[in-house]
>>> print(open('target04.txt').read())   # compact mmCIF, C-alpha atoms
# COMPACT_ATOMS: atom_id res chain seq x y z
CA MET A 6 9.24 78.59 -28.32
CA THR A 7 6.07 76.83 -29.35
CA ASP A 8 2.72 77.05 -27.64
CA GLN A 9 3.30 73.51 -26.40
CA SER A 10 6.49 74.40 -24.54
CA ASN A 11 4.76 77.44 -23.01
CA ALA A 12 1.98 75.17 -21.73
CA ALA A 13 4.38 72.72 -20.08
CA GLY A 14 3.64 72.32 -16.41
CA LYS A 15 0.39 74.31 -16.53
CA PRO A 16 -2.65 72.45 -15.24
CA ILE A 17 -5.58 71.71 -17.51
CA ARG A 18 -8.73 72.24 -15.51
CA THR A 19 -11.27 70.77 -17.89
CA ALA A 20 -12.11 67.09 -18.18
CA ILE A 21 -11.19 65.21 -21.30
CA THR A 22 -14.28 64.51 -23.40
CA ASP A 23 -15.31 62.24 -26.24
CA GLU A 24 -13.26 64.23 -28.71
CA ASP A 25 -11.80 62.52 -31.76
CA GLY A 26 -14.38 59.73 -31.47
CA ILE A 27 -12.74 58.26 -28.37
CA ASP A 28 -15.35 56.30 -26.41
CA PHE A 29 -14.34 57.30 -22.89
CA ALA A 30 -17.62 56.03 -21.43
CA ILE A 31 -16.92 52.42 -22.47
CA ILE A 32 -13.23 52.75 -21.57
CA GLU A 33 -14.20 53.89 -18.08
CA LEU A 34 -16.79 51.16 -17.69
CA LEU A 35 -14.14 48.58 -18.62
CA PHE A 36 -11.75 50.07 -16.04
CA PHE A 37 -14.39 49.95 -13.29
CA ALA A 38 -15.65 46.50 -14.29
CA TYR A 39 -12.10 45.11 -14.32
CA ARG A 40 -11.37 46.69 -10.92
CA ASP A 41 -14.40 45.05 -9.36
CA PHE A 42 -14.10 41.78 -11.32
CA THR A 43 -10.60 41.28 -9.91
CA SER A 44 -11.30 42.58 -6.38
CA ASP A 45 -12.70 39.35 -4.90
CA PRO A 46 -9.89 37.12 -6.21
CA ASP A 47 -7.33 39.76 -5.17
CA GLN A 48 -8.47 39.40 -1.55
CA ILE A 49 -8.17 35.61 -1.70
CA LEU A 50 -4.78 35.77 -3.44
CA ALA A 51 -3.44 38.18 -0.80
CA ASP A 52 -3.93 35.47 1.86
CA TYR A 53 -1.41 33.35 -0.07
CA GLY A 54 0.98 36.18 -0.87
CA PHE A 55 0.00 35.78 -4.54
CA GLY A 56 -1.02 38.34 -7.15
CA ARG A 57 -2.87 38.52 -10.43
CA ALA A 58 -0.12 36.77 -12.38
CA HIS A 59 -0.58 33.74 -10.10
CA HIS A 60 -4.32 33.90 -10.78
CA ARG A 61 -3.84 33.91 -14.55
CA VAL A 62 -1.39 31.00 -14.41
CA LEU A 63 -3.73 28.98 -12.16
CA HIS A 64 -6.68 29.75 -14.42
CA PHE A 65 -5.05 28.63 -17.67
CA VAL A 66 -3.28 25.60 -16.20
CA ASN A 67 -6.59 24.44 -14.72
CA ARG A 68 -8.45 25.07 -17.98
CA ARG A 69 -5.76 23.27 -20.01
CA PRO A 70 -3.92 20.70 -17.90
CA GLY A 71 -0.72 19.74 -19.70
CA LEU A 72 -0.24 23.24 -21.11
CA THR A 73 3.44 23.72 -21.83
CA VAL A 74 5.47 26.57 -20.40
CA ALA A 75 5.99 27.88 -23.96
CA GLU A 76 2.22 27.83 -24.64
CA LEU A 77 1.53 29.59 -21.35
CA LEU A 78 4.08 32.28 -22.17
CA ASP A 79 2.32 32.80 -25.50
CA VAL A 80 -1.11 33.11 -23.85
CA LEU A 81 -0.06 35.40 -21.01
CA LYS A 82 2.31 37.58 -23.05
CA ILE A 83 4.72 37.96 -20.13
CA THR A 84 8.47 37.48 -19.93
CA LYS A 85 10.09 34.14 -19.12
CA GLN A 86 11.57 35.78 -16.04
CA SER A 87 8.16 36.91 -14.74
CA LEU A 88 6.61 33.51 -15.40
CA ALA A 89 9.56 31.68 -13.80
CA ARG A 90 9.09 33.57 -10.54
CA VAL A 91 5.33 32.95 -10.43
CA LEU A 92 5.65 29.29 -11.44
CA LYS A 93 8.31 28.65 -8.83
CA GLN A 94 5.99 29.97 -6.13
CA LEU A 95 3.04 27.91 -7.38
CA ILE A 96 5.18 24.78 -7.63
CA ASP A 97 6.84 25.35 -4.22
CA THR A 98 3.41 25.76 -2.59
CA ASP A 99 2.08 22.60 -4.30
CA HIS A 100 -0.52 24.34 -6.46
CA ILE A 101 1.06 23.23 -9.77
CA VAL A 102 3.34 20.40 -10.82
CA GLN A 103 5.68 20.50 -13.78
CA LEU A 104 6.38 17.31 -15.74
CA GLN A 105 8.61 16.52 -18.71
CA GLY A 106 6.74 16.23 -21.98
CA PRO A 107 6.22 12.64 -23.17
CA ARG A 108 7.41 13.37 -26.72
CA ASP A 109 10.01 16.05 -26.02
CA ARG A 110 11.79 15.78 -22.67
CA ARG A 111 12.80 19.45 -22.93
CA GLN A 112 9.16 20.51 -22.87
CA ARG A 113 7.70 21.21 -19.48
CA GLU A 114 3.99 20.46 -19.07
CA LEU A 115 2.04 22.11 -16.28
CA TYR A 116 -0.72 20.44 -14.29
CA PRO A 117 -2.77 21.63 -11.33
CA THR A 118 -2.67 19.71 -8.08
CA ALA A 119 -5.80 19.20 -5.96
CA LYS A 120 -4.69 22.27 -3.98
CA GLY A 121 -4.26 24.26 -7.21
CA ARG A 122 -7.65 23.15 -8.51
CA ALA A 123 -9.32 24.16 -5.24
CA LEU A 124 -7.71 27.60 -5.31
CA ALA A 125 -8.63 28.14 -8.99
CA LEU A 126 -12.25 27.31 -8.18
CA ALA A 127 -12.22 29.57 -5.11
CA LEU A 128 -10.97 32.42 -7.31
CA ALA A 129 -13.47 31.76 -10.11
CA ARG A 130 -16.61 31.39 -7.98
CA PRO A 131 -16.98 35.06 -6.97
CA GLN A 132 -16.15 36.14 -10.52
CA SER A 133 -18.79 33.78 -11.90
CA ARG A 134 -21.34 35.09 -9.38
CA ARG A 135 -20.50 38.66 -10.43
CA ILE A 136 -20.93 37.79 -14.12
CA HIS A 137 -24.27 36.07 -13.55
CA ALA A 138 -25.53 38.95 -11.39
CA ALA A 139 -24.43 41.50 -14.00
CA LEU A 140 -26.14 39.58 -16.79
CA GLU A 141 -29.33 39.42 -14.74
CA ASP A 142 -29.18 43.05 -13.55
CA SER A 143 -28.49 44.39 -17.03
CA GLY A 144 -31.26 42.42 -18.63
CA ALA A 145 -28.72 41.10 -21.10
CA ALA A 146 -30.71 38.22 -22.51
CA ASP A 147 -28.26 37.53 -25.30
CA ARG A 148 -25.13 36.19 -23.64
CA ALA A 149 -23.73 35.28 -27.07
CA SER A 150 -23.64 38.97 -28.06
CA ILE A 151 -21.58 39.78 -24.98
CA GLU A 152 -19.22 36.89 -25.70
CA ARG A 153 -18.82 38.09 -29.31
CA PHE A 154 -18.11 41.64 -28.11
CA LEU A 155 -15.46 40.48 -25.63
CA GLU A 156 -13.91 38.15 -28.21
CA ALA A 157 -13.79 41.02 -30.70
CA MET A 158 -11.82 43.02 -28.11
CA VAL A 159 -9.01 40.46 -28.40
CA ASN A 160 -6.41 41.14 -31.11
CA PRO A 161 -7.48 39.21 -34.24
CA GLU A 162 -4.21 37.30 -34.49
CA LEU A 163 -4.62 36.07 -30.90
CA ARG A 164 -8.29 35.03 -31.02
CA ALA A 165 -7.36 31.42 -31.78
CA GLN A 166 -6.11 31.21 -28.18
CA ILE A 167 -9.70 31.59 -26.99
CA ASP A 168 -10.67 28.36 -28.71
CA ILE A 169 -7.87 26.45 -26.95
CA VAL A 170 -9.80 26.21 -23.68
CA PRO A 171 -12.22 23.29 -23.37
CA ALA A 172 -15.88 23.63 -24.27
CA LYS A 173 -18.25 24.43 -21.47
CA ILE A 174 -20.01 21.62 -19.64
CA SER A 175 -23.19 22.48 -21.54
CA GLY A 176 -21.40 21.48 -24.71
CA LYS A 177 -21.48 25.02 -26.14
CA SER A 178 -18.10 26.13 -27.37
CA HIS A 179 -16.93 29.59 -28.40
CA GLY A 180 -17.62 28.71 -32.00
CA ASP A 181 -21.34 28.14 -31.30
CA HIS A 182 -22.34 31.82 -31.28
>>> encode(input="target04.txt", output="structure tokens")
Amino acid sequence: MTDQSNAAGKPIRTAITDEDGIDFAIIELLFFAYRDFTSDPDQILADYGFGRAHHRVLHFVNRRPGLTVAELLDVLKITKQSLARVLKQLIDTDHIVQLQGPRDRRQRELYPTAKGRALALALARPQSRRIHAALEDSGAADRASIERFLEAMVNPELRAQIDIVPAKISGKSHGDH
């Protein structure tokens, strides 16, 4: 028997620390920030019987009207089965419409309806308020640094997906760091 098998089932009573260069402080901050960042939309979504997958679909379809189902699958990194269930609910509740592609009739393009646009905005407003308050409270004067940090957190081979969304109203795009 090894020491490991002897230790099986025995409680460890000390907290894990920053051993091996693991940055637990930032990891924890990301967990807590994500929890609170999603809490306001979660409450709104619950009124519709929707979850976070619905939120992500609404967000990207509203940011890129005409996004194909295949493109959405690539962005969300979820299974066709999971997306099919969520899309069916959003289509059945008139939040999204699905149209045949003009060049390839097999392609399905997704568009928000007025109801879908209103819900996407209702979900984004509290998140935007939270972001602005956090930027102000933290004294983070350099928003571009925060954007670069978050972009760097995305797998390098998937960063091109960030540039797919339209430029901000101000005209500043992700490439203008």
>>> residues_around(input="target04.txt", residues="A:Leu81", least_positions_apart="3", cutoff="8 Å", atoms="all atoms listed in the file", output="ChimeraX atom specification")
/A:61,77-78
>>> residues_near_point(input="target04.txt", point="(-0.9, 23.5, -22.1)", cutoff="12 Å", atoms="only C-alpha atoms", output="PyMOL selection string")
chain A and resi 62-81+103-104+106+112-117+166+169-171
>>> atom_distance(input="target04.txt", atom1="atom CA of A:Arg18", atom2="atom CA of A:Ile32")
20.9 Å
>>> atom_distance(input="target04.txt", atom1="atom CA of A:Leu128", atom2="atom CA of A:Gln48")
9.4 Å
>>> atom_distance(input="target04.txt", atom1="atom CA of A:Gly56", atom2="atom CA of A:Ala139")
24.6 Å
>>> closest_residue(input="target04.txt", among="A:Ala119, A:Leu163, A:Leu92, A:Ile83", to="A:His59", atoms="all atoms listed in the file")
A:Leu92
>>> decode(input="target04.txt", residues="stretch 10-152 of chain A", atoms="C-alpha atoms", output="compact mmCIF listing (two decimals), in the first residue's frame")
# COMPACT_ATOMS: atom_id res chain seq x y z
CA SER A 10 -4.07 4.75 -0.47
CA ASN A 11 -3.61 5.06 3.30
CA ALA A 12 -4.75 8.69 3.12
CA ALA A 13 -7.92 7.86 1.17
CA GLY A 14 -11.00 9.10 2.94
CA LYS A 15 -9.07 11.05 5.58
CA PRO A 16 -9.97 14.73 5.82
CA ILE A 17 -7.39 17.40 5.11
CA ARG A 18 -7.91 20.16 7.63
CA THR A 19 -5.66 22.82 6.16
CA ALA A 20 -6.64 25.21 3.39
CA ILE A 21 -5.00 24.91 0.02
CA THR A 22 -2.51 27.74 -0.51
CA ASP A 23 -0.66 29.37 -3.38
CA GLU A 24 1.61 26.38 -3.75
CA ASP A 25 3.08 25.54 -7.14
CA GLY A 26 2.52 29.12 -8.31
CA ILE A 27 -1.26 28.68 -8.49
CA ASP A 28 -2.91 32.09 -8.16
CA PHE A 29 -5.84 31.13 -5.95
CA ALA A 30 -6.58 34.77 -5.09
CA ILE A 31 -7.37 35.68 -8.71
CA ILE A 32 -9.17 32.37 -9.28
CA GLU A 33 -11.40 33.08 -6.30
CA LEU A 34 -12.02 36.67 -7.37
CA LEU A 35 -13.10 35.39 -10.80
CA PHE A 36 -15.46 32.88 -9.16
CA PHE A 37 -17.05 35.57 -6.96
CA ALA A 38 -17.18 38.15 -9.75
CA TYR A 39 -18.84 35.65 -12.10
CA ARG A 40 -21.35 34.65 -9.41
CA ASP A 41 -22.40 38.25 -8.87
CA PHE A 42 -22.13 39.26 -12.55
CA THR A 43 -24.65 36.55 -13.45
CA SER A 44 -26.93 36.96 -10.41
CA ASP A 45 -29.07 39.83 -11.75
CA PRO A 46 -29.73 38.22 -15.15
CA ASP A 47 -30.37 34.87 -13.42
CA GLN A 48 -33.26 36.44 -11.50
CA ILE A 49 -34.76 37.89 -14.69
CA LEU A 50 -34.26 34.62 -16.61
CA ALA A 51 -35.98 32.63 -13.84
CA ASP A 52 -39.20 34.59 -14.49
CA TYR A 53 -39.19 33.12 -18.01
CA GLY A 54 -38.12 29.63 -17.00
CA PHE A 55 -34.82 30.28 -18.81
CA GLY A 56 -31.22 29.73 -17.74
CA ARG A 57 -27.74 30.93 -18.59
CA ALA A 58 -27.65 29.08 -21.92
CA HIS A 59 -30.68 31.12 -23.01
CA HIS A 60 -28.87 34.27 -21.93
CA ARG A 61 -25.77 33.43 -23.97
CA VAL A 62 -27.84 32.62 -27.06
CA LEU A 63 -29.85 35.85 -26.73
CA HIS A 64 -26.67 37.85 -26.22
CA PHE A 65 -24.84 36.58 -29.30
CA VAL A 66 -27.89 36.55 -31.58
CA ASN A 67 -28.58 40.17 -30.61
CA ARG A 68 -24.95 41.17 -31.09
CA ARG A 69 -24.78 39.40 -34.47
CA PRO A 70 -28.21 39.17 -36.10
CA GLY A 71 -28.06 36.59 -38.87
CA LEU A 72 -25.58 34.41 -36.97
CA THR A 73 -25.93 30.86 -38.23
CA VAL A 74 -26.64 27.93 -35.96
CA ALA A 75 -23.22 26.49 -36.88
CA GLU A 76 -21.47 29.76 -35.95
CA LEU A 77 -23.37 29.92 -32.67
CA LEU A 78 -22.37 26.36 -31.83
CA ASP A 79 -18.76 27.31 -32.48
CA VAL A 80 -18.96 30.38 -30.22
CA LEU A 81 -20.81 28.72 -27.34
CA LYS A 82 -18.92 25.41 -27.46
CA ILE A 83 -22.04 23.42 -26.53
CA THR A 84 -23.59 20.35 -28.12
CA LYS A 85 -26.14 20.53 -30.93
CA GLN A 86 -28.59 18.81 -28.60
CA SER A 87 -28.17 21.45 -25.87
CA LEU A 88 -28.49 24.30 -28.35
CA ALA A 89 -31.53 22.70 -30.03
CA ARG A 90 -33.42 22.61 -26.73
CA VAL A 91 -32.59 26.22 -25.86
CA LEU A 92 -33.29 27.50 -29.38
CA LYS A 93 -36.63 25.72 -29.50
CA GLN A 94 -37.69 27.46 -26.30
CA LEU A 95 -36.52 30.88 -27.52
CA ILE A 96 -38.25 30.39 -30.88
CA ASP A 97 -41.46 29.04 -29.30
CA THR A 98 -41.62 32.05 -26.97
CA ASP A 99 -41.01 34.49 -29.87
CA HIS A 100 -37.63 35.75 -28.66
CA ILE A 101 -35.73 34.50 -31.74
CA VAL A 102 -36.69 33.67 -35.32
CA GLN A 103 -34.85 31.23 -37.53
CA LEU A 104 -34.68 31.85 -41.28
CA GLN A 105 -33.15 29.93 -44.17
CA GLY A 106 -29.87 31.35 -45.39
CA PRO A 107 -30.13 33.32 -48.65
CA ARG A 108 -27.17 31.54 -50.26
CA ASP A 109 -27.51 28.10 -48.69
CA ARG A 110 -31.04 27.02 -47.85
CA ARG A 111 -29.66 24.43 -45.42
CA GLN A 112 -28.13 27.16 -43.28
CA ARG A 113 -30.30 28.51 -40.53
CA GLU A 114 -29.79 32.16 -39.62
CA LEU A 115 -30.91 33.44 -36.24
CA TYR A 116 -32.42 36.86 -35.60
CA PRO A 117 -33.83 38.45 -32.46
CA THR A 118 -37.43 39.58 -32.40
CA ALA A 119 -38.48 42.81 -30.65
CA LYS A 120 -39.28 40.65 -27.62
CA GLY A 121 -35.85 39.01 -27.80
CA ARG A 122 -34.11 42.36 -28.15
CA ALA A 123 -35.99 43.74 -25.13
CA LEU A 124 -35.03 40.74 -23.00
CA ALA A 125 -31.37 40.90 -24.09
CA LEU A 126 -31.26 44.57 -23.09
CA ALA A 127 -32.99 43.85 -19.77
CA LEU A 128 -30.35 41.20 -19.05
CA ALA A 129 -27.42 43.41 -20.11
CA ARG A 130 -28.42 46.58 -18.24
CA PRO A 131 -27.68 45.34 -14.70
CA GLN A 132 -24.45 43.73 -15.91
CA SER A 133 -23.39 46.99 -17.55
CA ARG A 134 -24.22 48.92 -14.36
CA ARG A 135 -22.15 46.43 -12.35
CA ILE A 136 -19.20 46.81 -14.74
CA HIS A 137 -19.33 50.60 -14.65
CA ALA A 138 -19.62 50.64 -10.85
CA ALA A 139 -16.69 48.21 -10.52
CA LEU A 140 -14.53 50.30 -12.84
CA GLU A 141 -15.35 53.41 -10.84
CA ASP A 142 -14.96 51.75 -7.41
CA SER A 143 -11.65 50.16 -8.33
CA GLY A 144 -10.20 53.33 -9.73
CA ALA A 145 -9.41 51.41 -12.90
CA ALA A 146 -8.74 54.34 -15.20
CA ASP A 147 -7.39 52.18 -17.99
CA ARG A 148 -10.34 50.21 -19.31
CA ALA A 149 -8.20 49.02 -22.24
CA SER A 150 -5.89 47.15 -19.83
CA ILE A 151 -8.86 45.30 -18.37
CA GLU A 152 -10.15 44.44 -21.84
